[in-house]
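**Q** One file is attached below, coords-v4.txt, containing compact mmCIF, C-alpha atoms and all ligand atoms.
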```txt
# COMPACT_ATOMS: atom_id res chain seq x y z
CA MET A 743 0.00 0.00 0.00
CA SER A 744 1.37 3.42 -0.96
CA ALA A 745 1.45 6.23 1.59
CA LEU A 746 -1.37 8.75 1.44
CA GLU A 747 -0.50 12.14 -0.06
CA ILE A 748 -1.77 15.25 1.73
CA ARG A 749 -2.23 18.73 0.34
CA GLN A 750 -2.90 21.44 2.93
CA PHE A 751 -3.99 24.92 1.86
CA PRO A 752 -5.44 28.08 3.42
CA CYS A 753 -9.18 28.72 3.08
CA LEU A 754 -11.31 31.70 4.14
CA SER A 755 -9.47 33.91 6.65
CA ASP A 756 -7.78 31.35 8.92
CA ASN A 757 -9.09 27.88 8.01
CA TYR A 758 -7.06 25.11 6.43
CA GLY A 759 -8.42 22.77 3.79
CA PHE A 760 -7.00 19.26 3.42
CA LEU A 761 -7.03 16.96 0.42
CA ILE A 762 -5.93 13.36 1.05
CA HIS A 763 -5.04 11.33 -2.01
CA ASP A 764 -4.55 7.58 -2.26
CA PRO A 765 -2.29 6.89 -5.26
CA ASP A 766 -3.27 3.21 -5.40
CA SER A 767 -7.03 3.66 -5.83
CA GLY A 768 -6.91 7.19 -7.25
CA GLU A 769 -9.41 8.29 -4.61
CA THR A 770 -9.26 11.73 -2.99
CA VAL A 771 -11.10 12.89 0.11
CA VAL A 772 -11.48 16.48 1.26
CA ILE A 773 -11.78 17.10 5.00
CA ASP A 774 -14.56 19.68 5.46
CA THR A 775 -15.75 22.23 2.91
CA PRO A 776 -14.83 25.73 4.09
CA ASP A 777 -14.79 27.07 0.52
CA ALA A 778 -15.83 24.92 -2.47
CA LYS A 779 -14.09 27.11 -5.09
CA THR A 780 -10.72 27.04 -3.34
CA ILE A 781 -10.98 23.28 -2.78
CA GLU A 782 -11.81 22.61 -6.44
CA ALA A 783 -8.88 24.76 -7.56
CA GLU A 784 -6.47 22.89 -5.26
CA ALA A 785 -7.70 19.51 -6.48
CA ALA A 786 -7.30 20.63 -10.09
CA ALA A 787 -3.78 21.94 -9.41
CA ALA A 788 -2.82 18.57 -7.93
CA GLY A 789 -4.48 16.65 -10.75
CA TRP A 790 -6.72 14.86 -8.25
CA THR A 791 -10.45 14.11 -8.55
CA ILE A 792 -12.42 14.53 -5.32
CA THR A 793 -14.40 11.35 -4.65
CA GLN A 794 -15.34 11.88 -0.99
CA ILE A 795 -16.10 14.64 1.51
CA TRP A 796 -15.71 13.94 5.24
CA ASN A 797 -17.15 16.53 7.62
CA THR A 798 -15.97 17.05 11.19
CA HIS A 799 -18.88 19.22 12.41
CA HIS A 800 -21.75 21.42 11.34
CA HIS A 801 -20.20 24.91 11.48
CA TRP A 802 -20.45 26.82 8.18
CA ASP A 803 -16.67 27.06 7.82
CA HIS A 804 -16.54 23.24 7.85
CA ALA A 805 -19.72 22.07 6.09
CA GLY A 806 -20.94 25.21 4.34
CA GLY A 807 -19.52 24.19 0.96
CA ASN A 808 -21.03 20.68 0.95
CA SER A 809 -23.84 21.19 -1.57
CA GLU A 810 -21.75 23.25 -4.00
CA LEU A 811 -18.82 20.82 -3.90
CA LYS A 812 -21.03 17.75 -4.14
CA ALA A 813 -22.84 19.21 -7.14
CA ALA A 814 -19.49 19.85 -8.84
CA THR A 815 -17.84 16.49 -8.02
CA LYS A 816 -20.60 13.93 -7.21
CA ALA A 817 -18.48 13.09 -4.15
CA HIS A 818 -19.76 10.73 -1.45
CA VAL A 819 -20.40 12.81 1.68
CA VAL A 820 -19.74 11.48 5.20
CA ALA A 821 -20.78 13.42 8.31
CA PRO A 822 -21.43 12.89 12.02
CA LYS A 823 -24.76 11.30 12.84
CA ALA A 824 -25.22 13.58 15.85
CA ASP A 825 -25.41 16.49 13.34
CA GLN A 826 -28.14 14.80 11.28
CA ASN A 827 -30.35 17.89 11.18
CA ARG A 828 -27.53 20.41 10.76
CA ILE A 829 -25.40 19.25 7.77
CA ASP A 830 -26.74 19.01 4.24
CA SER A 831 -26.03 16.82 1.18
CA VAL A 832 -24.89 13.86 3.31
CA ASP A 833 -24.80 10.25 2.00
CA GLN A 834 -23.49 8.45 5.08
CA TRP A 835 -23.84 9.30 8.77
CA VAL A 836 -21.07 8.04 11.05
CA GLN A 837 -20.61 7.71 14.78
CA ASP A 838 -17.95 6.70 17.26
CA GLY A 839 -16.23 3.43 16.37
CA ASP A 840 -17.30 3.50 12.71
CA THR A 841 -14.67 3.24 10.01
CA VAL A 842 -14.47 4.95 6.63
CA MET A 843 -12.18 3.89 3.79
CA LEU A 844 -9.97 5.80 1.38
CA GLY A 845 -9.00 3.05 -1.02
CA GLN A 846 -7.50 0.38 1.23
CA HIS A 847 -6.65 2.87 4.00
CA ARG A 848 -8.96 2.77 7.02
CA ALA A 849 -9.85 5.82 9.07
CA ASP A 850 -11.43 5.38 12.48
CA VAL A 851 -14.19 7.79 13.50
CA TYR A 852 -13.79 9.32 16.97
CA PHE A 853 -16.79 11.12 18.48
CA THR A 854 -15.27 14.17 20.23
CA PRO A 855 -18.07 16.40 21.58
CA GLY A 856 -17.15 19.69 23.24
CA HIS A 857 -16.66 22.39 20.61
CA THR A 858 -20.03 21.20 19.26
CA LEU A 859 -22.21 18.27 20.34
CA GLY A 860 -21.67 16.41 17.05
CA HIS A 861 -17.95 16.80 16.36
CA VAL A 862 -15.96 13.84 15.04
CA CYS A 863 -12.27 13.31 14.19
CA TYR A 864 -10.83 10.96 11.55
CA HIS A 865 -7.74 8.91 12.43
CA PHE A 866 -5.73 6.79 9.97
CA PRO A 867 -3.83 4.45 12.33
CA ASP A 868 -1.65 2.87 9.60
CA GLN A 869 -0.46 6.31 8.46
CA LYS A 870 -0.34 7.81 11.97
CA ILE A 871 -2.27 10.89 10.84
CA ALA A 872 -5.47 12.46 12.14
CA PHE A 873 -7.83 15.24 11.12
CA VAL A 874 -9.23 16.84 14.25
CA GLY A 875 -11.30 19.77 12.97
CA ASP A 876 -11.91 22.27 15.77
CA THR A 877 -11.36 19.84 18.67
CA LEU A 878 -7.58 20.20 19.11
CA PHE A 879 -5.47 23.10 17.84
CA ALA A 880 -1.73 23.65 17.94
CA LEU A 881 -1.27 24.96 21.51
CA GLY A 882 -5.05 25.29 21.87
CA CYS A 883 -8.43 23.62 21.67
CA GLY A 884 -11.84 24.51 20.28
CA ARG A 885 -14.07 26.92 22.15
CA LEU A 886 -16.91 25.22 24.04
CA PHE A 887 -19.87 26.45 22.00
CA GLU A 888 -22.13 23.49 22.84
CA GLY A 889 -20.43 20.97 25.09
CA SER A 890 -19.29 20.98 28.72
CA PRO A 891 -15.69 21.11 29.97
CA GLN A 892 -16.04 17.48 31.08
CA GLN A 893 -17.10 16.42 27.57
CA MET A 894 -14.19 18.27 25.94
CA TRP A 895 -11.69 16.94 28.47
CA ASP A 896 -12.91 13.39 27.82
CA SER A 897 -12.64 13.98 24.05
CA LEU A 898 -9.11 15.41 24.26
CA SER A 899 -8.08 12.57 26.58
CA ARG A 900 -8.96 10.06 23.89
CA LEU A 901 -6.80 11.89 21.32
CA MET A 902 -3.93 11.78 23.83
CA ASP A 903 -4.02 7.98 23.61
CA TRP A 904 -2.76 8.11 20.02
CA PRO A 905 0.99 7.51 19.55
CA ASP A 906 3.10 10.62 20.21
CA GLU A 907 4.37 10.68 16.62
CA THR A 908 0.79 10.95 15.24
CA THR A 909 0.57 13.95 12.89
CA ILE A 910 -2.35 16.21 13.77
CA TYR A 911 -4.05 18.32 11.11
CA CYS A 912 -6.08 21.08 12.82
CA ALA A 913 -8.59 23.20 10.95
CA HIS A 914 -7.37 26.71 11.87
CA GLU A 915 -4.17 28.76 12.03
CA TYR A 916 -4.61 30.08 15.57
CA THR A 917 -1.22 29.07 16.92
CA GLN A 918 0.41 32.44 17.48
CA SER A 919 -2.39 33.74 19.73
CA ASN A 920 -2.67 30.32 21.37
CA ALA A 921 1.04 30.48 22.20
CA ALA A 922 0.67 33.86 23.90
CA PHE A 923 -2.10 32.49 26.10
CA ALA A 924 -0.26 29.23 26.82
CA LEU A 925 2.79 31.16 28.05
CA SER A 926 0.54 33.20 30.37
CA VAL A 927 -0.57 30.08 32.27
CA ASP A 928 2.55 27.90 31.93
CA PRO A 929 5.48 30.35 31.58
CA ASP A 930 8.21 28.05 32.97
CA ASN A 931 7.51 25.16 30.57
CA ARG A 932 10.72 24.78 28.50
CA ASP A 933 8.98 22.74 25.78
CA LEU A 934 6.35 25.46 25.45
CA GLN A 935 8.99 28.20 25.31
CA ALA A 936 10.81 26.42 22.49
CA TYR A 937 7.55 25.66 20.65
CA ALA A 938 6.42 29.31 20.93
CA ALA A 939 9.76 30.55 19.56
CA GLN A 940 9.44 28.17 16.63
CA VAL A 941 5.89 29.42 15.95
CA GLU A 942 7.08 33.04 15.92
CA ALA A 943 9.78 32.17 13.39
CA GLU A 944 7.42 30.19 11.17
CA ARG A 945 4.80 32.95 11.12
CA ALA A 946 7.46 35.58 10.43
CA ARG A 947 8.37 33.55 7.34
CA GLY A 948 4.69 33.26 6.41
CA GLU A 949 4.69 29.50 6.96
CA PRO A 950 1.88 27.40 8.50
CA THR A 951 2.30 26.03 12.03
CA VAL A 952 -0.04 23.13 11.17
CA PRO A 953 0.34 20.16 11.25
CA THR A 954 1.60 19.35 14.73
CA THR A 955 2.01 16.05 16.61
CA ILE A 956 0.32 14.59 19.67
CA GLY A 957 3.71 14.38 21.40
CA ALA A 958 4.46 18.08 20.86
CA GLU A 959 0.99 19.04 22.11
CA LYS A 960 1.18 16.82 25.20
CA ALA A 961 4.44 18.56 26.12
CA ALA A 962 3.35 22.16 25.53
CA ASN A 963 -0.41 22.60 25.04
CA PRO A 964 -1.97 23.65 28.38
CA PHE A 965 -5.34 22.18 27.39
CA LEU A 966 -3.75 18.70 27.39
CA ARG A 967 -1.83 19.33 30.61
CA ALA A 968 -4.57 19.54 33.21
CA ALA A 969 -2.82 16.77 35.15
CA ASP A 970 0.55 18.56 35.23
CA PRO A 971 1.64 19.46 38.81
CA ALA A 972 3.43 22.71 37.86
CA LEU A 973 0.47 24.01 35.86
CA ARG A 974 -1.96 23.04 38.65
CA ALA A 975 0.18 24.77 41.24
CA ARG A 976 0.26 27.97 39.20
CA LEU A 977 -3.55 27.91 38.95
CA GLY A 978 -3.93 27.08 42.66
CA LEU A 979 -5.81 23.89 41.74
CA GLU A 980 -3.52 21.21 43.17
CA THR A 981 -6.33 18.92 44.31
CA ALA A 982 -9.01 19.58 41.66
CA ALA A 983 -10.25 16.99 39.16
CA ASP A 984 -8.51 17.10 35.76
CA ALA A 985 -11.71 18.25 34.03
CA ASP A 986 -12.03 21.14 36.51
CA VAL A 987 -8.45 22.23 35.84
CA PHE A 988 -9.19 22.05 32.11
CA ALA A 989 -12.36 24.12 32.67
CA GLU A 990 -10.38 26.84 34.44
CA ILE A 991 -7.79 26.99 31.65
CA ARG A 992 -10.57 27.20 29.04
CA ARG A 993 -12.33 29.95 31.04
CA ARG A 994 -9.10 31.97 31.21
CA LYS A 995 -8.53 31.58 27.48
CA ASP A 996 -12.06 32.82 26.75
CA ASN A 997 -11.22 35.99 28.69
CA PHE A 998 -7.62 36.39 27.50
ZN ZN B 1001 -16.12 25.03 14.50
FE FE B 1002 -13.89 26.24 12.49
```
With the file now loaded, output its structure as structure tokens.
**A**
Amino acid sequence: MSALEIRQFPCLSDNYGFLIHDPDSGETVVIDTPDAKTIEAEAAAAGWTITQIWNTHHHWDHAGGNSELKAATKAHVVAPKADQNRIDSVDQWVQDGDTVMLGQHRADVYFTPGHTLGHVCYHFPDQKIAFVGDTLFALGCGRLFEGSPQQMWDSLSRLMDWPDETTIYCAHEYTQSNAAFALSVDPDNRDLQAYAAQVEAERARGEPTVPTTIGAEKAANPFLRAADPALRARLGLETAADADVFAEIRRRKDNF
């Protein structure tokens, strides 16, 4: 089996679009549909034909281009079952534990409520890559528009079980502002300091900070570090439950 080929490109103001191509079958999936025109142009530039659309959640900057892109490509559309009344042009509804195929490559569907109540992520274990939408960001996580802190903590905890070298494709370029917040709550974290310096350099060169890896995020992303003694001590939450520490970090970020 050949490795999957990934093409990442900016969409709208700060979204990323992702095309995943399987050279063996010739299939191509697009993760979310922030902007149908941009996605079609990228596929054409690569010489790839879009055969599938996989949505992570119902927000317009993730599913808003479904009908236009499906009309143009006849692609098979996969979306989370919990968003059944909120995403259009869908052929297949998926839930936690389901699998979807790109040629012979299997992606596992992870239900990760928190940012919304229907959010899912797609993980290709054989390629060690995952598409996490607005659940996990580089040095951040999605805002809790619909879910509770406990739900989001449980969702993020499941992503932390993936191997450290797993490559994480997040849906937005928010890393620079996330880094500023992360340093405000965890200023003595050497891994975070190094990561933040790297982000500054990449953005100064106009380069993306996505993708990241689970290992890098576990070391530096405060939203994955609710169990860390130094971070807890700084927040004065030494004895709180992990989800309550996470909730406090999320609350501070919302007000940062
Ligand atoms: Zn969203
Ligand atoms: Fe989004």
**Q** Please, which residues in chain A fall within 10 Å of ligand FE 1002 (chain B) when counting only C-alpha atoms and all ligand atoms, and what is the closest atom pair and distance in Å to one decimal for each, ordered by chain then residue number, as JSON lines?
**A**
```
{"residue": "A:Asp756", "atom": "CA", "partner": "B:FE1002", "partner_atom": "FE", "distance": 8.7}
{"residue": "A:Asn757", "atom": "CA", "partner": "B:FE1002", "partner_atom": "FE", "distance": 6.8}
{"residue": "A:Tyr758", "atom": "CA", "partner": "B:FE1002", "partner_atom": "FE", "distance": 9.2}
{"residue": "A:Asp774", "atom": "CA", "partner": "B:FE1002", "partner_atom": "FE", "distance": 9.6}
{"residue": "A:Pro776", "atom": "CA", "partner": "B:FE1002", "partner_atom": "FE", "distance": 8.5}
{"residue": "A:Thr798", "atom": "CA", "partner": "B:FE1002", "partner_atom": "FE", "distance": 9.5}
{"residue": "A:His799", "atom": "CA", "partner": "B:FE1002", "partner_atom": "FE", "distance": 8.6}
{"residue": "A:His800", "atom": "CA", "partner": "B:FE1002", "partner_atom": "FE", "distance": 9.3}
{"residue": "A:His801", "atom": "CA", "partner": "B:FE1002", "partner_atom": "FE", "distance": 6.5}
{"residue": "A:Trp802", "atom": "CA", "partner": "B:FE1002", "partner_atom": "FE", "distance": 7.9}
{"residue": "A:Asp803", "atom": "CA", "partner": "B:FE1002", "partner_atom": "FE", "distance": 5.5}
{"residue": "A:His804", "atom": "CA", "partner": "B:FE1002", "partner_atom": "FE", "distance": 6.1}
{"residue": "A:Ala805", "atom": "CA", "partner": "B:FE1002", "partner_atom": "FE", "distance": 9.6}
{"residue": "A:His857", "atom": "CA", "partner": "B:FE1002", "partner_atom": "FE", "distance": 9.4}
{"residue": "A:Gly875", "atom": "CA", "partner": "B:FE1002", "partner_atom": "FE", "distance": 7.0}
{"residue": "A:Asp876", "atom": "CA", "partner": "B:FE1002", "partner_atom": "FE", "distance": 5.5}
{"residue": "A:Thr877", "atom": "CA", "partner": "B:FE1002", "partner_atom": "FE", "distance": 9.2}
{"residue": "A:Gly884", "atom": "CA", "partner": "B:FE1002", "partner_atom": "FE", "distance": 8.2}
{"residue": "A:Arg885", "atom": "CA", "partner": "B:FE1002", "partner_atom": "FE", "distance": 9.7}
{"residue": "A:Cys912", "atom": "CA", "partner": "B:FE1002", "partner_atom": "FE", "distance": 9.4}
{"residue": "A:Ala913", "atom": "CA", "partner": "B:FE1002", "partner_atom": "FE", "distance": 6.3}
{"residue": "A:His914", "atom": "CA", "partner": "B:FE1002", "partner_atom": "FE", "distance": 6.6}
```
**Q** Which polymer residues have any atom within 8 Å of an atom of Met894 in chain A, counting all atoms listed in the file, with same-chain residues fewer than 5 positions away left out, as a list in words?
**A** Thr854, Pro855, Gly856, His857, Thr877, Leu886 and Gly889 of chain A
**Q** List the neighbours of range 841-845 of chain A out to 10 Å using only C-alpha atoms; skip same-chain residues closer than 2 positions along the sequence, and give me the result as a PyMOL selection string.
**A** chain A and resi 743+746+762-771+793-794+796+820+834+836-839+847-852+864-866
**Q** Mind writing the picked residues with C-alpha atoms as a PDB file, in the coordinates of the input?
**A**
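Ended up saving to again-v3.pdb:
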```
ATOM      1  CA  MET A 743       0.000   0.000   0.000  1.00  0.00           C
ATOM      2  CA  LEU A 746      -1.370   8.750   1.440  1.00  0.00           C
ATOM      3  CA  ILE A 762      -5.930  13.360   1.050  1.00  0.00           C
ATOM      4  CA  HIS A 763      -5.040  11.330  -2.010  1.00  0.00           C
ATOM      5  CA  ASP A 764      -4.550   7.580  -2.260  1.00  0.00           C
ATOM      6  CA  PRO A 765      -2.290   6.890  -5.260  1.00  0.00           C
ATOM      7  CA  ASP A 766      -3.270   3.210  -5.400  1.00  0.00           C
ATOM      8  CA  SER A 767      -7.030   3.660  -5.830  1.00  0.00           C
ATOM      9  CA  GLY A 768      -6.910   7.190  -7.250  1.00  0.00           C
ATOM     10  CA  GLU A 769      -9.410   8.290  -4.610  1.00  0.00           C
ATOM     11  CA  THR A 770      -9.260  11.730  -2.990  1.00  0.00           C
ATOM     12  CA  VAL A 771     -11.100  12.890   0.110  1.00  0.00           C
ATOM     13  CA  THR A 793     -14.400  11.350  -4.650  1.00  0.00           C
ATOM     14  CA  GLN A 794     -15.340  11.880  -0.990  1.00  0.00           C
ATOM     15  CA  TRP A 796     -15.710  13.940   5.240  1.00  0.00           C
ATOM     16  CA  VAL A 820     -19.740  11.480   5.200  1.00  0.00           C
ATOM     17  CA  GLN A 834     -23.490   8.450   5.080  1.00  0.00           C
ATOM     18  CA  VAL A 836     -21.070   8.040  11.050  1.00  0.00           C
ATOM     19  CA  GLN A 837     -20.610   7.710  14.780  1.00  0.00           C
ATOM     20  CA  ASP A 838     -17.950   6.700  17.260  1.00  0.00           C
ATOM     21  CA  GLY A 839     -16.230   3.430  16.370  1.00  0.00           C
ATOM     22  CA  HIS A 847      -6.650   2.870   4.000  1.00  0.00           C
ATOM     23  CA  ARG A 848      -8.960   2.770   7.020  1.00  0.00           C
ATOM     24  CA  ALA A 849      -9.850   5.820   9.070  1.00  0.00           C
ATOM     25  CA  ASP A 850     -11.430   5.380  12.480  1.00  0.00           C
ATOM     26  CA  VAL A 851     -14.190   7.790  13.500  1.00  0.00           C
ATOM     27  CA  TYR A 852     -13.790   9.320  16.970  1.00  0.00           C
ATOM     28  CA  TYR A 864     -10.830  10.960  11.550  1.00  0.00           C
ATOM     29  CA  HIS A 865      -7.740   8.910  12.430  1.00  0.00           C
ATOM     30  CA  PHE A 866      -5.730   6.790   9.970  1.00  0.00           C
TER      31      PHE A 866
END
```
**Q** Edge lengths and centre, in Å to one decimal, as AutoDock Vina command-line options: that's what I need for the box along x, y and z that holds all listed atoms of range 769-774 of chain A plus 4 Å on each side.
**A**
```
--center_x -11.9 --center_y 14.0 --center_z 0.4 --size_x 13.3 --size_y 19.4 --size_z 18.1
```
**Q** For a quick check of understanding, using all atoms listed in the file, which of A:Glu980, A:Glu907, A:Glu942, A:Asp996 has the smallest distance to Lys960 in chain A?
**A** A:Glu907
**Q** May I have the residues within 12 Å of Glu944 in chain A as a PyMOL selection string, using only C-alpha atoms and disregarding those fewer than 6 positions away in the same chain?
**A** chain A and resi 915+917-918+937-938+950-952
**Q** Could you tell me how far CA of Thr858 in chain A lies from CA of Ala989 in chain A, in Å and to one decimal?
**A**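 Here the two named atoms are 15.7 Å from each other.
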**Q** Kindly reconstruct range 848-875 of chain A with N, CA and C atoms and present the result as a CSV table (one decimal), in the coordinates of the input.
**A**
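Result went into result-v9.csv, see below:
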```csv
chain,number,residue,atom,x,y,z
A,848,ARG,N,-7.8,2.6,6.1
A,848,ARG,CA,-9.0,2.8,7.0
A,848,ARG,C,-8.8,4.0,7.9
A,849,ALA,N,-9.8,4.8,8.1
A,849,ALA,CA,-9.8,5.8,9.1
A,849,ALA,C,-10.9,5.5,10.1
A,850,ASP,N,-10.5,5.6,11.4
A,850,ASP,CA,-11.4,5.4,12.5
A,850,ASP,C,-12.1,6.7,12.9
A,851,VAL,N,-13.4,6.6,13.1
A,851,VAL,CA,-14.2,7.8,13.5
A,851,VAL,C,-14.2,7.9,15.0
A,852,TYR,N,-13.8,9.0,15.5
A,852,TYR,CA,-13.8,9.3,17.0
A,852,TYR,C,-14.8,10.4,17.2
A,853,PHE,N,-15.8,10.1,18.1
A,853,PHE,CA,-16.8,11.1,18.5
A,853,PHE,C,-16.1,12.0,19.6
A,854,THR,N,-16.0,13.3,19.3
A,854,THR,CA,-15.3,14.2,20.2
A,854,THR,C,-16.1,15.4,20.6
A,855,PRO,N,-17.2,15.2,21.3
A,855,PRO,CA,-18.1,16.4,21.6
A,855,PRO,C,-17.4,17.4,22.5
A,856,GLY,N,-17.7,18.7,22.4
A,856,GLY,CA,-17.2,19.7,23.2
A,856,GLY,C,-17.3,21.0,22.5
A,857,HIS,N,-16.5,21.2,21.4
A,857,HIS,CA,-16.7,22.4,20.6
A,857,HIS,C,-18.1,22.5,20.1
A,858,THR,N,-18.6,21.4,19.5
A,858,THR,CA,-20.0,21.2,19.3
A,858,THR,C,-20.4,19.8,19.8
A,859,LEU,N,-21.7,19.6,19.8
A,859,LEU,CA,-22.2,18.3,20.3
A,859,LEU,C,-22.2,17.1,19.3
A,860,GLY,N,-21.7,17.5,18.1
A,860,GLY,CA,-21.7,16.4,17.0
A,860,GLY,C,-20.3,16.1,16.5
A,861,HIS,N,-19.3,16.8,17.0
A,861,HIS,CA,-18.0,16.8,16.4
A,861,HIS,C,-17.3,15.4,16.3
A,862,VAL,N,-16.7,15.1,15.2
A,862,VAL,CA,-16.0,13.8,15.0
A,862,VAL,C,-14.6,14.1,14.5
A,863,CYS,N,-13.6,13.3,14.8
A,863,CYS,CA,-12.3,13.3,14.2
A,863,CYS,C,-12.1,12.0,13.4
A,864,TYR,N,-11.1,12.1,12.4
A,864,TYR,CA,-10.8,11.0,11.6
A,864,TYR,C,-9.4,10.6,11.7
A,865,HIS,N,-9.1,9.4,12.1
A,865,HIS,CA,-7.7,8.9,12.4
A,865,HIS,C,-7.4,7.7,11.5
A,866,PHE,N,-6.3,7.9,10.8
A,866,PHE,CA,-5.7,6.8,10.0
A,866,PHE,C,-4.6,6.1,10.8
A,867,PRO,N,-4.9,5.0,11.5
A,867,PRO,CA,-3.8,4.4,12.3
A,867,PRO,C,-2.6,3.9,11.5
A,868,ASP,N,-2.8,3.4,10.3
A,868,ASP,CA,-1.6,2.9,9.6
A,868,ASP,C,-0.7,4.0,9.1
A,869,GLN,N,-1.3,5.2,8.9
A,869,GLN,CA,-0.5,6.3,8.5
A,869,GLN,C,0.0,7.2,9.6
A,870,LYS,N,-0.6,7.0,10.8
A,870,LYS,CA,-0.3,7.8,12.0
A,870,LYS,C,-0.6,9.3,11.7
A,871,ILE,N,-1.8,9.5,11.1
A,871,ILE,CA,-2.3,10.9,10.8
A,871,ILE,C,-3.7,11.0,11.3
A,872,ALA,N,-4.1,12.2,11.7
A,872,ALA,CA,-5.5,12.5,12.1
A,872,ALA,C,-5.9,13.9,11.8
A,873,PHE,N,-7.2,14.0,11.5
A,873,PHE,CA,-7.8,15.2,11.1
A,873,PHE,C,-8.8,15.6,12.2
A,874,VAL,N,-8.5,16.6,13.0
A,874,VAL,CA,-9.2,16.8,14.2
A,874,VAL,C,-10.2,18.1,14.2
A,875,GLY,N,-10.3,18.7,13.1
A,875,GLY,CA,-11.3,19.8,13.0
A,875,GLY,C,-11.0,20.9,14.0
```
